[in-house]
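Dropping input.cif in here (mmCIF, C-alpha atoms and all ligand atoms):
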```cif
data_coords
#
loop_
_atom_site.label_atom_id
_atom_site.label_comp_id
_atom_site.auth_asym_id
_atom_site.auth_seq_id
_atom_site.Cartn_x
_atom_site.Cartn_y
_atom_site.Cartn_z
CA MET A 1 -1.40 20.44 -2.05
CA ARG A 2 0.69 18.16 -4.27
CA ARG A 3 -0.42 16.19 -7.26
CA VAL A 4 0.97 13.02 -8.86
CA LYS A 5 -0.29 11.99 -12.26
CA ALA A 6 -0.47 8.26 -12.93
CA SER A 7 -0.03 8.18 -16.71
CA LEU A 8 -1.79 5.04 -17.89
CA GLY A 9 -3.22 6.15 -21.23
CA ASP A 10 -6.98 6.48 -21.06
CA LYS A 11 -6.85 4.88 -17.59
CA GLY A 12 -4.65 7.68 -16.20
CA TYR A 13 -5.64 9.53 -13.02
CA ASN A 14 -4.56 12.14 -10.52
CA ILE A 15 -3.41 11.44 -6.98
CA MET A 16 -4.13 14.51 -4.81
CA ILE A 17 -2.09 14.79 -1.62
CA GLY A 18 -2.45 17.33 1.18
CA SER A 19 -3.97 18.23 4.51
CA GLY A 20 -7.77 18.69 4.62
CA LEU A 21 -8.43 17.46 1.07
CA LEU A 22 -11.45 15.29 1.93
CA ARG A 23 -13.42 18.55 2.08
CA GLN A 24 -12.67 19.18 -1.60
CA THR A 25 -13.85 15.80 -2.84
CA GLY A 26 -17.18 17.13 -4.15
CA ASN A 27 -15.39 19.66 -6.39
CA TRP A 28 -13.09 17.09 -7.87
CA LEU A 29 -15.78 14.51 -8.51
CA LYS A 30 -17.67 17.19 -10.41
CA GLU A 31 -14.54 18.19 -12.29
CA ILE A 32 -13.98 14.68 -13.62
CA GLY A 33 -17.67 14.38 -14.47
CA LEU A 34 -18.78 11.61 -12.12
CA SER A 35 -22.49 11.02 -11.58
CA ASP A 36 -24.34 12.70 -8.76
CA LYS A 37 -25.26 9.62 -6.70
CA PRO A 38 -21.99 8.28 -5.25
CA VAL A 39 -21.80 5.39 -2.80
CA ILE A 40 -19.25 5.56 0.02
CA ILE A 41 -17.96 2.21 1.31
CA THR A 42 -16.28 2.51 4.69
CA ASN A 43 -16.12 0.98 8.18
CA PRO A 44 -17.57 2.34 11.45
CA VAL A 45 -14.17 3.52 12.76
CA VAL A 46 -13.42 5.65 9.71
CA GLN A 47 -17.06 6.69 9.25
CA GLU A 48 -17.10 8.11 12.78
CA LEU A 49 -13.89 10.08 12.15
CA TYR A 50 -14.22 11.24 8.54
CA GLY A 51 -17.63 10.24 7.20
CA ASN A 52 -19.16 13.67 7.86
CA ALA A 53 -16.35 15.62 6.22
CA LEU A 54 -16.64 13.55 3.06
CA GLU A 55 -20.44 13.55 2.96
CA GLU A 56 -20.63 17.30 3.57
CA SER A 57 -18.17 17.98 0.77
CA LEU A 58 -20.26 15.88 -1.62
CA SER A 59 -23.63 17.27 -0.49
CA ALA A 60 -22.35 20.83 -0.89
CA GLU A 61 -21.89 20.10 -4.60
CA GLY A 62 -25.37 18.61 -4.91
CA PHE A 63 -24.40 14.92 -4.74
CA LYS A 64 -26.89 12.51 -3.18
CA VAL A 65 -24.78 10.21 -1.03
CA THR A 66 -25.36 6.62 0.11
CA VAL A 67 -23.07 5.11 2.77
CA LEU A 68 -22.50 1.35 2.99
CA LEU A 69 -20.74 0.10 6.11
CA VAL A 70 -18.67 -3.04 6.56
CA ALA A 71 -17.16 -4.12 9.86
CA ASP A 72 -13.52 -3.28 10.57
CA GLY A 73 -10.84 -5.92 9.91
CA GLU A 74 -8.97 -7.95 7.29
CA GLU A 75 -11.58 -10.76 7.48
CA GLN A 76 -14.00 -8.43 5.67
CA LYS A 77 -11.90 -8.76 2.53
CA SER A 78 -14.05 -11.71 1.51
CA LEU A 79 -16.40 -12.79 -1.26
CA GLU A 80 -19.12 -12.98 1.38
CA THR A 81 -18.80 -9.29 2.25
CA ALA A 82 -18.49 -8.40 -1.44
CA GLY A 83 -21.72 -10.36 -2.03
CA ARG A 84 -23.53 -8.39 0.64
CA LEU A 85 -22.29 -5.12 -0.88
CA TYR A 86 -23.52 -6.16 -4.36
CA ALA A 87 -26.97 -6.77 -2.87
CA GLU A 88 -26.94 -3.38 -1.13
CA LEU A 89 -25.84 -1.65 -4.33
CA THR A 90 -28.75 -3.27 -6.14
CA SER A 91 -31.15 -2.17 -3.37
CA CYS A 92 -30.05 1.43 -3.75
CA TYR A 93 -30.41 1.28 -7.56
CA ALA A 94 -26.71 1.70 -8.34
CA GLU A 95 -26.01 2.02 -12.07
CA ARG A 96 -22.99 1.68 -14.37
CA THR A 97 -22.25 5.36 -13.73
CA THR A 98 -22.54 5.21 -9.91
CA PRO A 99 -19.13 6.02 -8.43
CA ILE A 100 -17.89 4.02 -5.45
CA LEU A 101 -15.72 5.90 -2.97
CA ALA A 102 -13.47 3.73 -0.80
CA LEU A 103 -13.01 5.62 2.48
CA GLY A 104 -10.52 3.85 4.73
CA GLY A 105 -7.31 1.86 4.82
CA GLY A 106 -6.04 -0.87 2.51
CA VAL A 107 -8.75 -3.32 3.56
CA ILE A 108 -11.57 -0.99 2.51
CA GLY A 109 -9.63 0.08 -0.60
CA ASP A 110 -9.06 -3.49 -1.78
CA LEU A 111 -12.61 -4.64 -0.97
CA ALA A 112 -14.48 -1.60 -2.32
CA GLY A 113 -12.13 -1.61 -5.32
CA PHE A 114 -12.96 -5.25 -6.02
CA VAL A 115 -16.68 -4.52 -5.76
CA ALA A 116 -16.29 -1.51 -8.09
CA ALA A 117 -14.34 -3.64 -10.59
CA THR A 118 -17.00 -6.35 -10.72
CA TYR A 119 -20.41 -4.78 -10.03
CA LEU A 120 -22.18 -4.31 -13.38
CA ARG A 121 -18.79 -5.19 -15.00
CA GLY A 122 -17.23 -2.11 -13.46
CA VAL A 123 -18.35 1.21 -12.00
CA PRO A 124 -16.11 4.27 -11.40
CA LEU A 125 -13.83 3.95 -8.37
CA VAL A 126 -12.44 6.80 -6.25
CA GLN A 127 -9.90 5.96 -3.57
CA THR A 128 -9.93 8.16 -0.46
CA PRO A 129 -7.26 6.40 1.62
CA THR A 130 -6.98 7.21 5.33
CA THR A 131 -3.99 5.10 6.46
CA LEU A 132 -0.34 5.73 5.66
CA LEU A 133 -0.09 2.31 3.99
CA ALA A 134 -3.08 3.03 1.80
CA GLN A 135 -1.85 6.53 0.85
CA VAL A 136 1.67 5.42 -0.07
CA ASP A 137 0.88 2.04 -1.54
CA SER A 138 -2.46 0.23 -1.79
CA SER A 139 -4.65 3.02 -3.25
CA ILE A 140 -2.31 3.42 -6.23
CA GLY A 141 -1.78 0.94 -9.03
CA GLY A 142 -5.15 -0.72 -9.41
CA LYS A 143 -4.66 -4.01 -7.59
CA VAL A 144 -8.00 -4.82 -5.97
CA ALA A 145 -8.83 -8.11 -4.30
CA VAL A 146 -10.51 -10.20 -1.65
CA ASN A 147 -8.99 -13.11 0.24
CA GLN A 148 -9.95 -16.77 -0.17
CA GLY A 149 -10.01 -17.91 3.44
CA GLN A 150 -6.45 -17.56 4.70
CA LEU A 151 -5.10 -17.07 1.17
CA LYS A 152 -4.43 -13.38 0.71
CA ASN A 153 -5.64 -11.52 -2.37
CA LYS A 154 -6.46 -14.74 -4.28
CA ILE A 155 -9.46 -13.30 -6.10
CA GLY A 156 -8.98 -9.94 -7.69
CA ALA A 157 -8.46 -7.71 -10.66
CA PHE A 158 -6.41 -4.87 -12.04
CA TYR A 159 -8.81 -1.96 -11.89
CA GLN A 160 -7.50 1.59 -11.81
CA PRO A 161 -9.31 4.27 -9.79
CA ARG A 162 -10.52 7.45 -11.52
CA LEU A 163 -9.01 9.58 -8.76
CA VAL A 164 -7.09 9.17 -5.49
CA ILE A 165 -7.55 11.75 -2.72
CA SER A 166 -5.00 11.38 0.07
CA ASP A 167 -5.92 13.69 2.93
CA THR A 168 -2.77 13.62 5.07
CA ALA A 169 -4.63 15.15 8.05
CA THR A 170 -6.43 11.81 8.47
CA LEU A 171 -3.10 10.18 9.39
CA LYS A 172 -3.08 12.05 12.70
CA THR A 173 -5.72 9.78 14.22
CA LEU A 174 -3.97 6.55 13.23
CA PRO A 175 -2.87 4.30 16.09
CA ALA A 176 0.89 4.89 16.57
CA LYS A 177 1.68 1.28 15.72
CA GLU A 178 -0.14 1.49 12.36
CA PHE A 179 1.84 4.57 11.45
CA THR A 180 5.19 3.06 12.46
CA ASN A 181 4.51 -0.18 10.59
CA SER A 182 3.60 1.67 7.42
CA MET A 183 6.90 3.53 7.57
CA ALA A 184 8.45 0.26 6.35
CA GLU A 185 6.70 0.78 2.98
CA VAL A 186 7.80 4.42 2.87
CA ILE A 187 11.43 3.42 3.48
CA LYS A 188 11.04 0.65 0.89
CA SER A 189 9.88 3.16 -1.73
CA ALA A 190 12.92 5.34 -1.14
CA VAL A 191 15.40 2.46 -1.26
CA ILE A 192 14.07 1.05 -4.51
CA ARG A 193 14.03 4.28 -6.53
CA ASP A 194 15.03 7.54 -4.87
CA LYS A 195 18.17 8.23 -2.84
CA ASP A 196 17.24 11.90 -2.27
CA PHE A 197 13.95 10.82 -0.75
CA PHE A 198 15.88 8.39 1.48
CA THR A 199 18.08 11.29 2.64
CA PHE A 200 14.94 13.33 3.33
CA ILE A 201 13.59 10.55 5.57
CA GLU A 202 16.96 10.14 7.26
CA THR A 203 17.23 13.82 8.11
CA ASN A 204 13.57 14.38 9.02
CA LEU A 205 12.74 11.35 11.15
CA ASP A 206 11.71 13.47 14.12
CA LYS A 207 9.34 15.61 12.04
CA ILE A 208 7.87 12.52 10.43
CA LYS A 209 7.34 10.81 13.77
CA THR A 210 5.67 13.88 15.26
CA GLN A 211 3.57 14.12 12.08
CA ASP A 212 4.61 17.57 10.97
CA ASN A 213 2.23 18.53 8.11
CA ALA A 214 4.90 19.33 5.54
CA ALA A 215 6.90 16.17 6.34
CA LEU A 216 3.79 13.99 6.03
CA GLU A 217 2.90 15.57 2.70
CA GLU A 218 6.44 15.01 1.43
CA ILE A 219 6.63 11.31 2.36
CA VAL A 220 3.20 10.55 0.88
CA PHE A 221 3.99 12.56 -2.27
CA CYS A 222 7.41 10.94 -2.87
CA SER A 223 6.14 7.40 -2.17
CA ALA A 224 3.05 7.89 -4.36
CA ARG A 225 5.20 9.24 -7.20
CA ILE A 226 7.53 6.22 -7.01
CA LYS A 227 4.63 3.76 -6.98
CA ALA A 228 2.94 5.56 -9.89
CA ARG A 229 6.16 5.58 -11.98
CA VAL A 230 6.69 1.84 -11.41
CA VAL A 231 3.06 0.99 -12.20
CA GLU A 232 3.15 3.10 -15.37
CA GLN A 233 5.94 0.90 -16.69
CA ASP A 234 4.42 -2.42 -15.61
CA GLU A 235 0.70 -2.04 -14.96
CA MET A 236 -0.04 -5.78 -15.11
CA ASP A 237 2.82 -6.87 -12.81
CA LEU A 238 4.84 -8.75 -15.40
CA GLY A 239 8.32 -7.45 -14.53
CA LEU A 240 9.43 -4.15 -13.01
CA ARG A 241 6.60 -4.13 -10.45
CA ASN A 242 8.56 -6.90 -8.70
CA ILE A 243 10.87 -4.28 -7.23
CA LEU A 244 7.99 -3.20 -4.99
CA ASN A 245 8.57 -6.53 -3.25
CA PHE A 246 11.91 -5.37 -1.80
CA GLY A 247 12.07 -6.92 1.70
CA HIS A 248 9.10 -9.19 1.04
CA THR A 249 10.87 -12.52 0.33
CA VAL A 250 12.12 -12.87 3.90
CA GLY A 251 9.35 -10.61 5.24
CA HIS A 252 6.50 -12.86 4.08
CA ALA A 253 8.29 -15.92 5.46
CA ILE A 254 8.63 -14.22 8.86
CA GLU A 255 4.93 -13.36 8.88
CA THR A 256 4.00 -16.93 8.00
CA VAL A 257 6.31 -18.65 10.50
CA SER A 258 5.27 -16.29 13.30
CA ASP A 259 1.62 -17.09 12.50
CA PHE A 260 1.18 -13.39 11.71
CA ASN A 261 2.23 -12.40 15.23
CA VAL A 262 5.02 -10.37 13.66
CA GLU A 263 3.23 -7.54 11.86
CA HIS A 264 3.66 -6.84 8.16
CA GLY A 265 5.70 -3.63 8.59
CA GLU A 266 8.02 -5.20 11.17
CA ALA A 267 8.56 -8.25 8.97
CA ILE A 268 9.30 -6.11 5.91
CA ALA A 269 11.76 -4.00 7.90
CA VAL A 270 13.75 -7.09 8.89
CA GLY A 271 13.31 -8.49 5.37
CA MET A 272 14.79 -5.34 3.79
CA LEU A 273 17.82 -5.62 6.05
CA ALA A 274 18.21 -9.32 5.20
CA ALA A 275 18.17 -8.47 1.48
CA ALA A 276 20.70 -5.69 2.04
CA ARG A 277 22.99 -8.07 3.98
CA ILE A 278 22.76 -10.62 1.16
CA ALA A 279 23.71 -7.88 -1.31
CA GLN A 280 26.63 -6.89 0.90
CA ARG A 281 27.88 -10.49 1.16
CA LEU A 282 27.68 -10.74 -2.63
CA GLY A 283 29.89 -7.66 -2.86
CA LEU A 284 27.12 -5.60 -4.44
CA LEU A 285 26.36 -3.14 -1.64
CA GLU A 286 28.79 -1.05 0.39
CA SER A 287 28.58 -1.55 4.13
CA GLY A 288 28.01 2.21 4.62
CA GLU A 289 24.73 1.90 2.72
CA LEU A 290 23.67 -1.02 4.90
CA THR A 291 24.46 1.03 8.01
CA ARG A 292 22.34 3.93 6.72
CA LEU A 293 19.41 1.62 6.00
CA LYS A 294 19.66 0.07 9.46
CA GLY A 295 19.80 3.56 11.03
CA VAL A 296 16.65 4.74 9.26
CA ILE A 297 14.72 1.56 10.05
CA ALA A 298 15.67 1.78 13.73
CA GLY A 299 15.02 5.55 13.76
CA ALA A 300 11.51 4.97 12.43
CA GLY A 301 10.84 2.67 15.39
CA LEU A 302 10.99 -0.58 13.41
CA PRO A 303 12.96 -3.70 14.35
CA THR A 304 16.40 -4.41 12.89
CA GLU A 305 17.00 -7.88 14.32
CA MET A 306 15.46 -11.18 13.29
CA PRO A 307 12.58 -12.12 15.59
CA ASN A 308 13.16 -15.23 17.65
CA LEU A 309 11.93 -17.75 15.07
CA ASP A 310 13.28 -21.02 13.75
CA THR A 311 15.66 -20.20 10.84
CA GLU A 312 14.96 -23.54 9.17
CA GLY A 313 11.22 -22.78 9.32
CA ILE A 314 11.84 -19.46 7.59
CA ILE A 315 13.91 -21.17 4.86
CA GLN A 316 11.11 -23.69 4.35
CA ALA A 317 8.55 -20.88 4.12
CA ILE A 318 10.71 -19.09 1.53
CA LYS A 319 10.93 -22.35 -0.44
CA HIS A 320 7.17 -22.67 -0.45
CA ASP A 321 6.69 -19.08 -1.48
CA LYS A 322 5.88 -18.30 -5.09
CA LYS A 323 9.09 -16.35 -5.42
CA ILE A 324 11.15 -19.52 -5.89
CA VAL A 325 12.34 -20.26 -9.43
CA ALA A 326 14.09 -23.59 -10.21
CA GLY A 327 15.59 -23.97 -6.74
CA LYS A 328 16.79 -20.36 -6.58
CA VAL A 329 15.00 -17.72 -4.60
CA ARG A 330 13.84 -14.50 -6.22
CA PHE A 331 15.19 -11.52 -4.33
CA VAL A 332 15.09 -7.80 -4.83
CA LEU A 333 18.60 -6.67 -3.90
CA PRO A 334 19.97 -3.16 -3.46
CA LYS A 335 23.16 -2.14 -5.29
CA ALA A 336 22.90 1.22 -3.55
CA ILE A 337 20.20 3.20 -1.81
CA GLY A 338 17.85 4.21 -4.62
CA ASN A 339 18.88 1.38 -6.94
CA VAL A 340 17.62 -2.20 -6.70
CA PHE A 341 17.40 -5.11 -9.12
CA VAL A 342 15.60 -8.45 -9.24
CA THR A 343 17.65 -11.64 -9.22
CA GLU A 344 17.08 -15.38 -9.09
CA GLU A 345 20.75 -16.01 -8.34
CA VAL A 346 20.61 -16.12 -4.55
CA SER A 347 21.32 -19.52 -3.03
CA LEU A 348 19.32 -20.72 -0.05
CA SER A 349 22.57 -21.43 1.82
CA LEU A 350 23.52 -17.75 1.62
CA VAL A 351 20.06 -16.79 2.86
CA GLU A 352 20.49 -19.22 5.75
CA GLN A 353 23.90 -17.75 6.66
CA VAL A 354 22.50 -14.22 6.67
CA LEU A 355 19.46 -15.19 8.76
CA ALA A 356 21.66 -16.99 11.26
CA GLY A 357 23.58 -13.71 11.69
N1 LIG A 401 -3.83 -3.21 -3.37
C1 LIG A 401 -2.56 -3.12 -3.08
O1 LIG A 401 -1.71 -2.83 -3.94
C2 LIG A 401 -2.11 -3.36 -1.66
C3 LIG A 401 -0.79 -3.05 -1.27
C4 LIG A 401 -0.44 -3.23 0.06
C5 LIG A 401 -1.38 -3.71 0.98
N2 LIG A 401 -2.64 -4.00 0.56
C6 LIG A 401 -3.67 -4.47 1.52
O2 LIG A 401 -3.91 -3.43 2.47
C7 LIG A 401 -4.44 -4.03 3.65
C8 LIG A 401 -3.82 -3.38 4.87
O3 LIG A 401 -4.15 -2.01 4.84
P1 LIG A 401 -3.98 -1.07 6.14
O4 LIG A 401 -2.65 -1.29 6.72
O5 LIG A 401 -4.38 0.29 5.73
O6 LIG A 401 -5.00 -1.72 7.19
P2 LIG A 401 -6.55 -1.44 7.50
O7 LIG A 401 -7.30 -1.05 6.30
O8 LIG A 401 -7.02 -2.64 8.25
O9 LIG A 401 -6.49 -0.19 8.49
C9 LIG A 401 -5.84 -0.34 9.73
C10 LIG A 401 -6.74 0.11 10.89
O10 LIG A 401 -6.78 1.53 10.93
C11 LIG A 401 -8.14 1.99 10.98
N3 LIG A 401 -8.13 3.28 10.34
C12 LIG A 401 -8.13 3.58 9.03
N4 LIG A 401 -7.94 4.88 8.85
C13 LIG A 401 -7.84 5.44 10.08
C14 LIG A 401 -7.59 6.76 10.54
N5 LIG A 401 -7.37 7.75 9.70
N6 LIG A 401 -7.56 6.97 11.88
C15 LIG A 401 -7.72 5.93 12.75
N7 LIG A 401 -7.90 4.66 12.37
C16 LIG A 401 -7.97 4.42 11.04
C17 LIG A 401 -8.91 0.90 10.27
O11 LIG A 401 -10.27 0.92 10.61
C18 LIG A 401 -8.18 -0.35 10.78
O12 LIG A 401 -8.63 -0.70 12.05
C19 LIG A 401 -4.19 -5.53 3.54
O13 LIG A 401 -5.39 -6.19 3.27
C20 LIG A 401 -3.25 -5.66 2.34
O14 LIG A 401 -3.42 -6.87 1.64
C21 LIG A 401 -3.02 -3.83 -0.73
#
```
Taking this structure as input, can you express it in the form of structure tokens?
Amino acid sequence: MRRVKASLGDKGYNIMIGSGLLRQTGNWLKEIGLSDKPVIITNPVVQELYGNALEESLSAEGFKVTVLLVADGEEQKSLETAGRLYAELTSCYAERTTPILALGGGVIGDLAGFVAATYLRGVPLVQTPTTLLAQVDSSIGGKVAVNQGQLKNKIGAFYQPRLVISDTATLKTLPAKEFTNSMAEVIKSAVIRDKDFFTFIETNLDKIKTQDNAALEEIVFCSARIKARVVEQDEMDLGLRNILNFGHTVGHAIETVSDFNVEHGEAIAVGMLAAARIAQRLGLLESGELTRLKGVIAGAGLPTEMPNLDTEGIIQAIKHDKKIVAGKVRFVLPKAIGNVFVTEEVSLSLVEQVLAG
């Protein structure tokens, strides 16, 4: 088992990472002194796979567990679903001390986290993420939210969990495509902060893809540590946290123009390469580094070429994105693998040239 400490003063917490950890949840909840009537929020897919393991671990320590189910899917990240959960929490007499456990991927984590942040002005939250994306990214850092119609994460809060338990064994049941897509965020973490971690991914792609236990633990541990270190320095997303958006300027535009037919991980993969090409054209990044990045992205099973979309449409989408500042686009650019910076000095014409190939 590995442990990352998110040091956020009195809001600090541990992130536990390892195979089979769901079965130790009861112990840890007791250790941090949470009340004995936790509520698990999950969906039927995850409940079927891991609900018993979590419930048994809690019951063994004398906890009296309630399970609230929401349907699977991003559309559940809504005020409507949150409203239903508030009513169910009231029906089961939840109190200020009642911990909410979010068992699932980023959708459950964001939704249950939002409910925990707002019900009775905040009840303790424990994240038990079961997707690679949730273990390396969304369960850490305290961003919780629901969508407003098509507008992603419009209504939310910063609300740190009391504990994160990442059981890497749960990743083995993920659909292959989910796993591959989330590798984009893992690669992103390495590029922004940690060249040794990048080398680890580069040299262990086969083990990662076949989900070797030690390799899984290492990628979740290194990514979680990077996210925690960034959040510690910029909890409220006022500066440094921007570097977590490496690949997202072009990536979001691709998602939008493709009407979300290009998946998030695929779009971010292409977006990271676009940012790296921009950096290379600006003379900031050596071409060898670009080649390595492309190799790892391809090796992980992610795309390296722009999808067949209208370049002008992508430029327009970038322009409409919030990352535009006085006619210049905000980009996170790599100077080297493991070292990125935020700039507003990228012209749209350079972006267009890079997108056109
Ligand atoms: N809060 C943040 O900082 C942050 C960061 C990044 C993304 N997000 C959010 O995360 C969400 C995406 O999360 P996601 O990619 O985890 O998607 P998801 O939560 O929809 O999970 C993907 C699918 O996998 C299933 N699943 C979950 N665990 C499983 C397992 N172990 N085995 C088999 N199937 C399993 C889910 O039921 C779902 O069908 C988006 O809403 C996004 O906005 C939040």
I'd like a table as JSON lines: residues in chain A with an atom no more than 8 Å from ligand LIG 401 (chain A), each row giving the shortest atom pair and its distance in Å to one decimal, all atoms listed in the file counted, sorted by chain and rising residue number.
```
{"residue": "A:Asn43", "atom": "CA", "partner": "A:LIG401", "partner_atom": "O11", "distance": 6.3}
{"residue": "A:Pro44", "atom": "CA", "partner": "A:LIG401", "partner_atom": "O11", "distance": 7.5}
{"residue": "A:Val45", "atom": "CA", "partner": "A:LIG401", "partner_atom": "O11", "distance": 5.2}
{"residue": "A:Val46", "atom": "CA", "partner": "A:LIG401", "partner_atom": "C13", "distance": 5.6}
{"residue": "A:Leu49", "atom": "CA", "partner": "A:LIG401", "partner_atom": "N6", "distance": 7.1}
{"residue": "A:Tyr50", "atom": "CA", "partner": "A:LIG401", "partner_atom": "N5", "distance": 7.8}
{"residue": "A:Asp72", "atom": "CA", "partner": "A:LIG401", "partner_atom": "O11", "distance": 5.3}
{"residue": "A:Gly73", "atom": "CA", "partner": "A:LIG401", "partner_atom": "O8", "distance": 5.3}
{"residue": "A:Glu74", "atom": "CA", "partner": "A:LIG401", "partner_atom": "O13", "distance": 5.7}
{"residue": "A:Lys77", "atom": "CA", "partner": "A:LIG401", "partner_atom": "O13", "distance": 7.0}
{"residue": "A:Gly104", "atom": "CA", "partner": "A:LIG401", "partner_atom": "C12", "distance": 4.9}
{"residue": "A:Gly105", "atom": "CA", "partner": "A:LIG401", "partner_atom": "O7", "distance": 3.3}
{"residue": "A:Gly106", "atom": "CA", "partner": "A:LIG401", "partner_atom": "O3", "distance": 3.2}
{"residue": "A:Val107", "atom": "CA", "partner": "A:LIG401", "partner_atom": "O7", "distance": 3.8}
{"residue": "A:Ile108", "atom": "CA", "partner": "A:LIG401", "partner_atom": "O7", "distance": 5.7}
{"residue": "A:Gly109", "atom": "CA", "partner": "A:LIG401", "partner_atom": "N1", "distance": 7.2}
{"residue": "A:Asp110", "atom": "CA", "partner": "A:LIG401", "partner_atom": "N1", "distance": 5.5}
{"residue": "A:Pro129", "atom": "CA", "partner": "A:LIG401", "partner_atom": "N4", "distance": 7.4}
{"residue": "A:Thr130", "atom": "CA", "partner": "A:LIG401", "partner_atom": "N4", "distance": 4.3}
{"residue": "A:Thr131", "atom": "CA", "partner": "A:LIG401", "partner_atom": "N4", "distance": 4.6}
{"residue": "A:Leu132", "atom": "CA", "partner": "A:LIG401", "partner_atom": "O5", "distance": 6.8}
{"residue": "A:Leu133", "atom": "CA", "partner": "A:LIG401", "partner_atom": "O5", "distance": 5.1}
{"residue": "A:Ala134", "atom": "CA", "partner": "A:LIG401", "partner_atom": "O5", "distance": 5.0}
{"residue": "A:Asp137", "atom": "CA", "partner": "A:LIG401", "partner_atom": "C3", "distance": 5.4}
{"residue": "A:Ser138", "atom": "CA", "partner": "A:LIG401", "partner_atom": "C1", "distance": 3.6}
{"residue": "A:Ser139", "atom": "CA", "partner": "A:LIG401", "partner_atom": "N1", "distance": 6.3}
{"residue": "A:Ile140", "atom": "CA", "partner": "A:LIG401", "partner_atom": "O1", "distance": 6.7}
{"residue": "A:Gly141", "atom": "CA", "partner": "A:LIG401", "partner_atom": "O1", "distance": 6.3}
{"residue": "A:Gly142", "atom": "CA", "partner": "A:LIG401", "partner_atom": "N1", "distance": 6.7}
{"residue": "A:Lys143", "atom": "CA", "partner": "A:LIG401", "partner_atom": "N1", "distance": 4.4}
{"residue": "A:Val144", "atom": "CA", "partner": "A:LIG401", "partner_atom": "N1", "distance": 5.2}
{"residue": "A:Ala145", "atom": "CA", "partner": "A:LIG401", "partner_atom": "N1", "distance": 7.1}
{"residue": "A:Lys152", "atom": "CA", "partner": "A:LIG401", "partner_atom": "O14", "distance": 6.7}
{"residue": "A:Asn153", "atom": "CA", "partner": "A:LIG401", "partner_atom": "O14", "distance": 6.5}
{"residue": "A:Thr170", "atom": "CA", "partner": "A:LIG401", "partner_atom": "N5", "distance": 4.3}
{"residue": "A:Leu171", "atom": "CA", "partner": "A:LIG401", "partner_atom": "N5", "distance": 4.9}
{"residue": "A:Lys172", "atom": "CA", "partner": "A:LIG401", "partner_atom": "N5", "distance": 6.8}
{"residue": "A:Thr173", "atom": "CA", "partner": "A:LIG401", "partner_atom": "N6", "distance": 4.1}
{"residue": "A:Leu174", "atom": "CA", "partner": "A:LIG401", "partner_atom": "C15", "distance": 3.8}
{"residue": "A:Pro175", "atom": "CA", "partner": "A:LIG401", "partner_atom": "C15", "distance": 6.1}
{"residue": "A:Glu178", "atom": "CA", "partner": "A:LIG401", "partner_atom": "C9", "distance": 6.5}
{"residue": "A:Ser182", "atom": "CA", "partner": "A:LIG401", "partner_atom": "O4", "distance": 7.0}
```
List every protein, DNA or RNA residue that has an atom no more than 7 Å from (17.6, -12.1, -4.7) in the file's coordinate frame, counting only C-alpha atoms, and report them as a tab-separated table (two decimals) with C-alpha atoms, keeping the file's coordinate frame.
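Dumped to result-v9.tsv:
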```tsv
chain	number	residue	atom	x	y	z
A	329	VAL	CA	15.00	-17.72	-4.60
A	330	ARG	CA	13.84	-14.50	-6.22
A	331	PHE	CA	15.19	-11.52	-4.33
A	332	VAL	CA	15.09	-7.80	-4.83
A	333	LEU	CA	18.60	-6.67	-3.90
A	342	VAL	CA	15.60	-8.45	-9.24
A	343	THR	CA	17.65	-11.64	-9.22
A	344	GLU	CA	17.08	-15.38	-9.09
A	345	GLU	CA	20.75	-16.01	-8.34
A	346	VAL	CA	20.61	-16.12	-4.55
```
Residues within 9 Å of range 201-205 of chain A, please, as a VMD selection string. Count only C-alpha atoms; anything in the same chain fewer than 5 positions from it doesn't count. chain A and resid 186 to 187 190 196 210 215 219 292 to 293 295 to 296 299 to 300
May I have the residues within 8 Å of Ile268 in chain A as a list of chain:residue names, using all atoms listed in the file and disregarding those fewer than 4 positions away in the same chain? A:Ala184, A:Glu185, A:Gly247, A:His248, A:Val250, A:Gly251, A:His252, A:His264, A:Met272
Figure out the distance between CA of Pro303 in chain A and CA of Gly271 in chain A, please, to one decimal in Å.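 These atoms are spaced 10.2 Å apart.
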From the set A:Ala267, A:Ala53, A:Ile40, A:Ala169, which residue has the shortest atom-to-atom contact distance to Leu216 in chain A, counting all atoms listed in the file?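 Comparing A:Ala267, A:Ala53, A:Ile40, A:Ala169 against Leu216 in chain A, the winner is A:Ala169.
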Taking (-9.6, 8.9, -8.4) in the coordinates of the supplied file, I want to know which residues reach to within 12 Å of it, counting all atoms listed in the file; could you give the answer as a ChimeraX atom specification? /A:3-6,11-17,25-26,28-34,99-103,109,113,124-129,139-142,159-166
Separation of CA of Ser78 in chain A from CA of Gly149 in chain A in Å: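 It comes out at 7.6 Å.
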With distances taken over all atoms listed in the file, which residue among A:Val146, A:Ala117, A:Ile318, A:Ala112 lies nearest Glu80 in chain A?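 The shortest atom-to-atom distance to Glu80 in chain A comes from A:Val146.
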Coordinates-based distance that separates CA of Ala336 in chain A from CA of Lys195 in chain A (Å, one decimal): 8.5 Å
Can you tell me, as a ChimeraX atom specification, what residues are no more than 8 Å from Val354 in chain A when counting all atoms listed in the file, ignoring any on the same chain fewer than 2 positions away? /A:274,277-278,350-352,356-357
Work out where the centre of an axis-aligned box around every listed atom of range 44-54 of chain A lies and how long its edges are once 4 Å is added on each side; give both in Å to one decimal as lines of an AutoDock Vina configuration file.
```
center_x = -16.3
center_y = 9.0
center_z = 7.9
size_x = 13.7
size_y = 21.3
size_z = 17.7
```
